[in-house]
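Below: one structure, written as structure tokens.
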Amino acid sequence: MPPFVLVDGSYFLFRAFHALPPLTTSQGLHTNAVRGASSAIQKLMRRIQPTHMAVIFDTPEPTFRHKLSPIYKGDRPAMPDELGEQIPYLHDLIRALGIPLYSLAGVEADDIIGTLTQRALAEGHQVLISTGDKDMAQLVNPNVTLEDSFKERQLDEAGVFEKFGVHPHQIIDYLTLMGDASDGIKGVPGVGAKTAAKLLNEFGSLDGIIANVDQIKGKVSQNIKDNLDNIKLDHQLATIITGLDLTLTWDDLQLSNPNVNELRRLYTELEFRTQLQSLDHPNNPDNTKNKQANQSQKTDVTPSQASSAVESTAQLSSGDDELGQANYHTVLSQADWDNLFQRFEHAQQFAIDTETTCLDYRIAEMVGLSVAFDSKDAYYVPFIHDYEGAPEQLNRETVLAQLKPILENPSVAKIGHHLKYDAHIFANHGIQLQGWGFDTMLGSYVLNPTATRHNMDDVARLYLSHLTTTYEQVAGKGAKQLTFNQIDLNVAAPYACEDAHVTYRLFEVLKAKLAEQPELLALLERVELPTAQVLCNMESRGIQLDPDFLTNLSQEFEKDIANYEAQAIEIAGEQFNIASPKQVGDILFDKLGLKGGKKTATGQYSTSEAVLEKIDHPITQIILDYRTLAKLKSTYTDRLVEQADATSKRVHTSYHQAVTTTGRLSSTDPNLQNIPIRGEIGRQIRKAFVAPKGRVILAADYSQIELRLMAHFCEDEALVKAFNEGQDIHQATASEVLNIPLDEVTSDQRRQAKAVNFGLLYGMSEFGLIRQLGFTREESQNYIKQYFQRYPGIYEYMQRTRQLAQEQGYVETLLGRRLYTPDIHARNMMVRKAAERAAINAPLQGSAADIIKLAMIAIEKKLDQSRALLLLQVHDELVFEVDEDYVSEAKTLIKDTMQDVFTLNVPLVVEVGKGNNWDEAH
């Protein structure tokens with residue numbers, strides 16, 4: 001009969017974490033400890049084949065030993081965050097494997113193991129304890145064996161004596177004498193392992209040593225006499241408790257069948273591909289009791305299974321994997337294309353995906369396309385795979401010419417993951433995609449923006465429990481990575497088919513989930529999908545640059561940067577690299593002796609913006625100014641010229657809908673959202689965005705939209721009145737709070753009121769408001785108190801929203817967009833408070849994002865596209881390029897549309913400016 005196995009889970013956890021190199025998922029979750037510990041536990045089980053076992057873990061709560069000794073385990077370093085985040089996953093994985101897991105707050109794992117060992121012995125069982133802790137050697141007897149499972153090295157009674165030089169029953173005395181620095185057991189000075197073993201062999205026990213202490217030669221005798229109280233305490237600390245009152249029964253310790261569904265979820269999230277695939281095979285290694293789970297077998301699509309012949313079929317069956325079964329086909333012959341085209345002609349909807357030569361939509365060339373009309377079949381139509389030995393493929397232009405009427409038919413619904421990209425690719429080949437039926441990236445984003453990143457791999461993992469084949473798996477990595485046209489069809493076809501298949505399955509799953517929340521489905525169909533189409537047009541249009549202006553501006557920045565460097569070196573009194581955070585830290589905190597320096601885990605000082613802003617010294621502002629200018633130079637004045645089209649001189653940004661948690665858009669390549677709105681530097685960069693001859697730039701900006709939304713949400717009488725009467729809201733605030741007439745408010749008083757208005761909107765902390773106001777803490781607190789007395793509706797809104805976020809885990813925008821607050825119940829107060837502030841701001845920022853998207857959709861429909869084009873969306877602003885003779889009409893149309901697109905209980909106000917460049921129009 002196999003022994004009862006007790007596993008020291010904490011040892012396995014730490015051992016695996018330090019033994020394996022850092023491993024992370026695509027989401028950034030560390031997994032080395034989970035992978036190593038779970039693998040070692042399963043290996044142990046396969047070797048021993050136990051019927052009963054338990055994995056025991058320590059808990060963070062202090063134990064009786066901490067009360068006995070304030071230094072007990074006091075020198076142990078804090079657990080790294082990279083390890084701490086893995087503990088819940090390892091616990092869940094062990095339970096899902098059907099292994100009993102036990103821990104008890106305030107009780108050490110050693111004592112639980114000791115107690116369970118004695119219970120098992122009393123019932124006549126052999127016990128195997130898997131640990132690397134030498135303290136456990138005290139439990140060894142003829143029926144208890146110790147082993148380090150990472151080394152597969154067992155210690156019986158003879159093994160203990162061989163290793164330590166004492167018998168198991170002497171281990172407690174041995175540890176007491178020699179001490180253990182990591183546990184805070186002092187030991188007797190001058191007594192190491194060899195001396196402790198020698199004394200115990202001579203006198204038999206610690207009591208025997210103390211009774212014969214005068215016979216011991218040298219300083220050891222006196223040290224024992226001087227440390228009798230410590231010896232007594234250390235003996236208590238070293239003794240494992242074996243008589244705890246545990247509620248566990250023998251049946252509780254029996255292995256159970258693995259929970260395959262839970263294992264699938266965990267392996268998917270942890271990205272353990274091999275383990276995930278093993279769940280679908282009859283001889284599942286995770287089924288530690290060798291009981292075959294009731295599930296169908298999955299055959300993975302590999303190069304050897306996919307054929308580059310006329311048709312290749314791969315059976316995908318995944319049991320509890322929600323992807324489902326599908327046949328994958330490669331379409332190479334005219335006959336097979338004719339059959340597939342018939343399906344296109346009769347389809348009301350289909351999922352489609354393009355494979356391209358690169359990710360840059362402006363230059364990417366279509367290599368092939370994949371399609372799925374249902375969840376049972378997926379097809380890949382290759383065009384230009386050109387590796388050696390590639391089969392003949394269909395003519396791309398001929399195929400696309402046939403598909404053009406269908407792809408441009410708005411009555412046929414196209415399903416895609418990031419349809420905007422595919423629309424660009426089709427446009428590159430003369431097809432204007434119409435009938436955007438469903439975008440699974442946007443569907444995932446609308447359903448829950450914080451649940452995952454919204455690329456296909458992550459969305460499939462979350463909603464289908466399916467690990468997709470990654471591009472790196474088929475194309476390689478780094479400098480040797482192939483472009484898709486270079487990949488063998490044996491590999492490329494299954495990959496492409498999977499894209500269409502996964503997209504269709506995600507459509508089915510996400511559409512069903514969204515249908516349960518009609519407001520979210522409406523948000524996707526009426527806001528996000530139409531916005532994606534508008535953004536596609538905006539990206540294609542781009543905006544014209546003045547390269548010469550940018551080049552000159554970059555040269556001016558370079559002079560200013562050099563001047564900042566010189567000033568900093570002069571103040572420091574020595575040469576240093578201002579661009580080096582390490583050297584800056586050394587100068588500030590070592591050379592100049594400034595206060596506020598804190599070293600990071602790398603051993604160098606932090607010189608982040610947050611740190612430097614708190615230091616009142618001329619050099620810190622110079623460094624901050626230097627960094628700002630250097631970043632703007634490298635990001636904009638240098639890079640924009642490179643990013644502009646060589647012929648048209650227009651720069652084309654990429655907009656992203658599924659990144660921020662509030663619904664706001666972001667942009668990259670270039671990022672036009674981060675150009676400073678105020679200040680001379682930002683103005684100079686905006687001057688580089690110009691209108692071509694015969695046209696002007698119009699910039700339309702929502703005025704104080706989030707404050708107006710606050711008035712709408714909170715329904716505060718004074719705030720609503722101020723907006724409806726067209727008052728300067730900051731002046732009105734100062735008047736209300738200070739109880740003075742409007743016309744007596746000074747510019748400084750208005751500034752203070754503005755700081756509070758926007759500070760509350762953006763969740764500024766009390767410290768931040770104090771800094772903005774320039775008051776003492778007491779003055780600021782009194783000001784804020786008076787503010788809430790004059791605007792009680794704002795205070796009530798903040799309290800109500802905070803409570804709502806706590807109760808339901810999310811808040812909502814005016815259009816029903818859900819803004820989740822996962823940290824609202826965080827144990828860390830700072831994290832929790834930040835989540836509360838974010839929850840207060842989210843409905844305002846999210847509603848502003850929804851409103852400007854509605855405006856973009858409406859304007860795009862109304863503008864005469866031959867005379868005016870929407871080019872950019874930046875925060876609460878839209879930028880247009882308009883014919884000079886159409887300005888007046890366009891200005892009125894844009895302003896009216898933006899102001900009327902949504903009705904609040906206060907007016908939406910839009911300011912429209914014009915100019916030859918963006919700065920003049922802003």
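Chain identifiers are assigned as A, B, and so on, following the order in which chains appear in the structure tokens; residues are numbered from 1 within each chain, and ligands are numbered from 1 in order of appearance.
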As a ChimeraX atom specification, please: the residues near Leu612 (chain A) (cut-off 12 Å, only C-alpha atoms, same-chain neighbours under 2 positions excluded).
/A:581,584-585,588-589,594-598,605-610,614-625,627
Give me the residues near Ala826 (chain A) as an MDAnalysis selection string, where near means some atom within 12 Å (using only C-alpha atoms) and where sequence neighbours in that chain fewer than 6 positions away do not count.
chainID A and resid 806 809 832:836
Members of region 319-444 of chain A assigned strand (DSSP E) by DSSP, as an MDAnalysis selection string
chainID A and resid 326:330 349:356 366:372 377:382 413:416 436:439
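For the atom pair formed by CA of Arg264 (chain A) and CA of Ala460 (chain A), the distance is 12.9 Å, given to one decimal.
Going from CA of Tyr702 (chain A) to CA of Val910 (chain A) covers 4.5 Å.
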Shell of 9 Å around region 474-480 of chain A, only C-alpha atoms, local chain residues under 5 positions omitted, as a ChimeraX atom specification
/A:469,486-487,491-492,495
Next, the residues of the selection above should be written as a PDB file, in the first residue's frame with C-alpha atoms.
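Output (selection-v1.pdb):
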```pdb
ATOM      1  CA  THR A 469      -1.487  29.405 -32.456  1.00  0.00           C
ATOM      2  CA  GLN A 486       7.281  33.038 -46.867  1.00  0.00           C
ATOM      3  CA  ILE A 487       5.545  30.496 -44.626  1.00  0.00           C
ATOM      4  CA  VAL A 491       1.796  25.683 -41.510  1.00  0.00           C
ATOM      5  CA  ALA A 492       0.187  28.877 -42.805  1.00  0.00           C
ATOM      6  CA  TYR A 495      -3.057  29.191 -38.773  1.00  0.00           C
TER       7      TYR A 495
END
```
Do a neighbour search on Gln170 (chain A) at 12 Å with only C-alpha atoms, toss out local chain neighbours closer than 3 positions, and write the hits as an mmCIF file with N, CA and C atoms, in the first residue's frame.
```cif
data_model
loop_
_atom_site.group_PDB
_atom_site.id
_atom_site.type_symbol
_atom_site.label_atom_id
_atom_site.label_comp_id
_atom_site.auth_asym_id
_atom_site.auth_seq_id
_atom_site.Cartn_x
_atom_site.Cartn_y
_atom_site.Cartn_z
ATOM 1 N N ASP A 135 14.168 20.927 9.661
ATOM 2 C CA ASP A 135 13.411 20.790 10.910
ATOM 3 C C ASP A 135 12.562 19.528 10.902
ATOM 4 N N MET A 136 12.072 19.141 9.706
ATOM 5 C CA MET A 136 11.166 17.993 9.585
ATOM 6 C C MET A 136 11.860 16.670 9.932
ATOM 7 N N ALA A 137 13.176 16.675 9.986
ATOM 8 C CA ALA A 137 13.897 15.446 10.301
ATOM 9 C C ALA A 137 13.527 14.921 11.685
ATOM 10 N N GLN A 138 13.025 15.780 12.582
ATOM 11 C CA GLN A 138 12.615 15.354 13.915
ATOM 12 C C GLN A 138 11.403 14.427 13.883
ATOM 13 N N LEU A 139 10.680 14.393 12.743
ATOM 14 C CA LEU A 139 9.496 13.545 12.629
ATOM 15 C C LEU A 139 9.816 12.149 12.093
ATOM 16 N N VAL A 140 11.027 11.953 11.619
ATOM 17 C CA VAL A 140 11.395 10.677 11.007
ATOM 18 C C VAL A 140 11.431 9.569 12.054
ATOM 19 N N ASN A 141 10.853 8.419 11.688
ATOM 20 C CA ASN A 141 10.916 7.217 12.510
ATOM 21 C C ASN A 141 10.776 6.024 11.569
ATOM 22 N N GLU A 157 15.730 6.859 9.038
ATOM 23 C CA GLU A 157 16.475 7.104 10.281
ATOM 24 C C GLU A 157 17.982 7.097 10.041
ATOM 25 N N VAL A 160 19.086 10.240 8.207
ATOM 26 C CA VAL A 160 19.164 11.431 9.059
ATOM 27 C C VAL A 160 20.497 11.457 9.797
ATOM 28 N N PHE A 161 20.875 10.297 10.360
ATOM 29 C CA PHE A 161 22.136 10.260 11.100
ATOM 30 C C PHE A 161 23.324 10.516 10.174
ATOM 31 N N PHE A 164 23.147 14.447 9.373
ATOM 32 C CA PHE A 164 23.309 15.429 10.443
ATOM 33 C C PHE A 164 24.248 14.963 11.565
ATOM 34 N N GLY A 165 24.517 13.671 11.616
ATOM 35 C CA GLY A 165 25.373 13.168 12.684
ATOM 36 C C GLY A 165 24.652 12.925 13.986
ATOM 37 N N VAL A 166 23.322 13.046 13.956
ATOM 38 C CA VAL A 166 22.494 12.767 15.130
ATOM 39 C C VAL A 166 21.285 11.971 14.678
ATOM 40 N N HIS A 167 20.569 11.372 15.659
ATOM 41 C CA HIS A 167 19.373 10.600 15.355
ATOM 42 C C HIS A 167 18.162 11.531 15.273
ATOM 43 N N ASP A 173 17.028 19.112 19.738
ATOM 44 C CA ASP A 173 18.159 19.565 20.551
ATOM 45 C C ASP A 173 19.294 20.074 19.660
ATOM 46 N N TYR A 174 19.521 19.387 18.558
ATOM 47 C CA TYR A 174 20.552 19.756 17.589
ATOM 48 C C TYR A 174 20.310 21.170 17.057
ATOM 49 N N LEU A 175 19.067 21.450 16.643
ATOM 50 C CA LEU A 175 18.716 22.770 16.119
ATOM 51 C C LEU A 175 18.809 23.832 17.192
ATOM 52 N N THR A 176 18.442 23.457 18.431
ATOM 53 C CA THR A 176 18.497 24.416 19.537
ATOM 54 C C THR A 176 19.933 24.841 19.812
ATOM 55 N N LEU A 177 20.840 23.905 19.779
ATOM 56 C CA LEU A 177 22.244 24.200 20.070
ATOM 57 C C LEU A 177 22.909 25.014 18.969
ATOM 58 N N ALA A 196 27.539 20.622 17.915
ATOM 59 C CA ALA A 196 26.245 20.179 18.426
ATOM 60 C C ALA A 196 26.115 18.662 18.322
ATOM 61 N N ALA A 197 26.488 18.106 17.179
ATOM 62 C CA ALA A 197 26.405 16.648 16.996
ATOM 63 C C ALA A 197 27.336 15.928 17.966
ATOM 64 N N LYS A 198 28.539 16.453 18.166
ATOM 65 C CA LYS A 198 29.503 15.819 19.075
ATOM 66 C C LYS A 198 28.969 15.800 20.500
ATOM 67 N N LEU A 199 28.421 16.933 20.974
ATOM 68 C CA LEU A 199 27.890 17.014 22.329
ATOM 69 C C LEU A 199 26.712 16.060 22.523
ATOM 70 N N LEU A 200 25.820 15.996 21.524
ATOM 71 C CA LEU A 200 24.656 15.124 21.654
ATOM 72 C C LEU A 200 25.061 13.655 21.624
ATOM 73 N N ASN A 201 26.059 13.310 20.853
ATOM 74 C CA ASN A 201 26.531 11.920 20.829
ATOM 75 C C ASN A 201 27.205 11.549 22.152
ATOM 76 N N PHE A 203 26.576 13.161 25.257
ATOM 77 C CA PHE A 203 25.725 13.264 26.449
ATOM 78 C C PHE A 203 24.273 12.847 26.197
ATOM 79 N N GLY A 204 23.912 12.514 24.949
ATOM 80 C CA GLY A 204 22.624 11.919 24.637
ATOM 81 C C GLY A 204 21.510 12.886 24.336
ATOM 82 N N SER A 205 21.443 14.003 25.069
ATOM 83 C CA SER A 205 20.340 14.955 24.870
ATOM 84 C C SER A 205 20.761 16.324 25.371
ATOM 85 N N LEU A 206 19.936 17.293 25.139
ATOM 86 C CA LEU A 206 20.203 18.647 25.617
ATOM 87 C C LEU A 206 20.195 18.685 27.138
ATOM 88 N N ASP A 207 19.236 17.962 27.748
ATOM 89 C CA ASP A 207 19.204 17.904 29.214
ATOM 90 C C ASP A 207 20.494 17.292 29.748
ATOM 91 N N GLY A 208 20.973 16.252 29.035
ATOM 92 C CA GLY A 208 22.236 15.619 29.456
ATOM 93 C C GLY A 208 23.403 16.565 29.337
ATOM 94 N N HIS A 235 14.356 25.975 22.133
ATOM 95 C CA HIS A 235 13.835 24.602 22.094
ATOM 96 C C HIS A 235 12.351 24.606 21.751
ATOM 97 N N ALA A 238 11.941 25.422 18.031
ATOM 98 C CA ALA A 238 12.377 24.362 17.112
ATOM 99 C C ALA A 238 11.486 23.127 17.133
ATOM 100 N N THR A 239 10.601 23.049 18.118
ATOM 101 C CA THR A 239 9.771 21.847 18.280
ATOM 102 C C THR A 239 8.517 21.925 17.424
#
```
Region 83-248 of chain A: residues DSSP assigns to helix (DSSP H, G or I), reported as number ranges by chain:
A: 83-84, 87-96, 109-122, 134-139, 157-164, 168-178, 181-183, 193-203, 206-211, 213-215, 219-226, 228-238
Polymer residues at most 9 Å from Ser256 (chain A), only C-alpha atoms, same-chain spacing of 3 or more positions, as number ranges by chain:
A: 51, 97-100, 259, 289
Shell of 12 Å around Arg867 (chain A), only C-alpha atoms, local chain residues under 6 positions omitted, as a PyMOL selection string
chain A and resi 694-696+880-890
Shell around Pro907 (chain A) at 8 Å using only C-alpha atoms, local window under 2 positions removed, as number ranges by chain
A: 708, 723-724, 899, 903-905, 909
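Here CA of His454 (chain A) is placed at a distance of 10.9 Å from CA of His656 (chain A).
The nearest approach to Leu228 (chain A) among the residues A:Lys186, A:Lys513, A:Lys687, A:Arg153, with only C-alpha atoms taken into account, belongs to A:Lys186.
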Closest-contact table, region 22-52 of chain A side, partner region 10-18 of chain A, 6 Å, counting only C-alpha atoms, as a Markdown table:
```
| residue | atom | partner | partner_atom | distance |
| --- | --- | --- | --- | --- |
| A:Asn32 | CA | A:Phe17 | CA | 5.8 |
| A:Ala33 | CA | A:Phe17 | CA | 4.2 |
| A:Gly36 | CA | A:Ala16 | CA | 4.9 |
| A:Ala37 | CA | A:Phe12 | CA | 5.3 |
```
Selection export as a PDB file, in the first residue's frame, atoms kept: N, CA and C atoms:
```pdb
ATOM      1  N   ASN A  32       6.619  30.992 -13.289  1.00  0.00           N
ATOM      2  CA  ASN A  32       7.665  29.982 -13.086  1.00  0.00           C
ATOM      3  C   ASN A  32       7.429  29.143 -11.837  1.00  0.00           C
ATOM      4  N   ALA A  33       6.970  29.765 -10.743  1.00  0.00           N
ATOM      5  CA  ALA A  33       6.732  29.013  -9.513  1.00  0.00           C
ATOM      6  C   ALA A  33       5.563  28.046  -9.667  1.00  0.00           C
ATOM      7  N   GLY A  36       6.780  25.174 -12.038  1.00  0.00           N
ATOM      8  CA  GLY A  36       7.742  24.278 -11.413  1.00  0.00           C
ATOM      9  C   GLY A  36       7.152  23.479 -10.267  1.00  0.00           C
ATOM     10  N   ALA A  37       6.377  24.148  -9.390  1.00  0.00           N
ATOM     11  CA  ALA A  37       5.819  23.464  -8.218  1.00  0.00           C
ATOM     12  C   ALA A  37       4.771  22.438  -8.621  1.00  0.00           C
TER      13      ALA A  37
END
```
Kindly indicate which residue among A:Ala378, A:Ile705, A:Leu640, A:Ala326 lies nearest to Ile852 (chain A), using only C-alpha atoms for the distances.
A:Ile705
Where does region 633-678 of chain A meet region 534-557 of chain A within 6 Å, residue by residue, with the nearest atom pair and distance in Å to one decimal for each, counting only C-alpha atoms, listed by chain and rising number, as JSON lines?
```
{"residue": "A:Thr637", "atom": "CA", "partner": "A:Ser554", "partner_atom": "CA", "distance": 5.2}
{"residue": "A:Val641", "atom": "CA", "partner": "A:Pro547", "partner_atom": "CA", "distance": 5.8}
{"residue": "A:Lys649", "atom": "CA", "partner": "A:Gln544", "partner_atom": "CA", "distance": 5.7}
{"residue": "A:Arg650", "atom": "CA", "partner": "A:Gln544", "partner_atom": "CA", "distance": 4.0}
{"residue": "A:Val651", "atom": "CA", "partner": "A:Gly542", "partner_atom": "CA", "distance": 5.2}
{"residue": "A:His652", "atom": "CA", "partner": "A:Gly542", "partner_atom": "CA", "distance": 4.3}
{"residue": "A:Thr653", "atom": "CA", "partner": "A:Glu539", "partner_atom": "CA", "distance": 6.0}
```
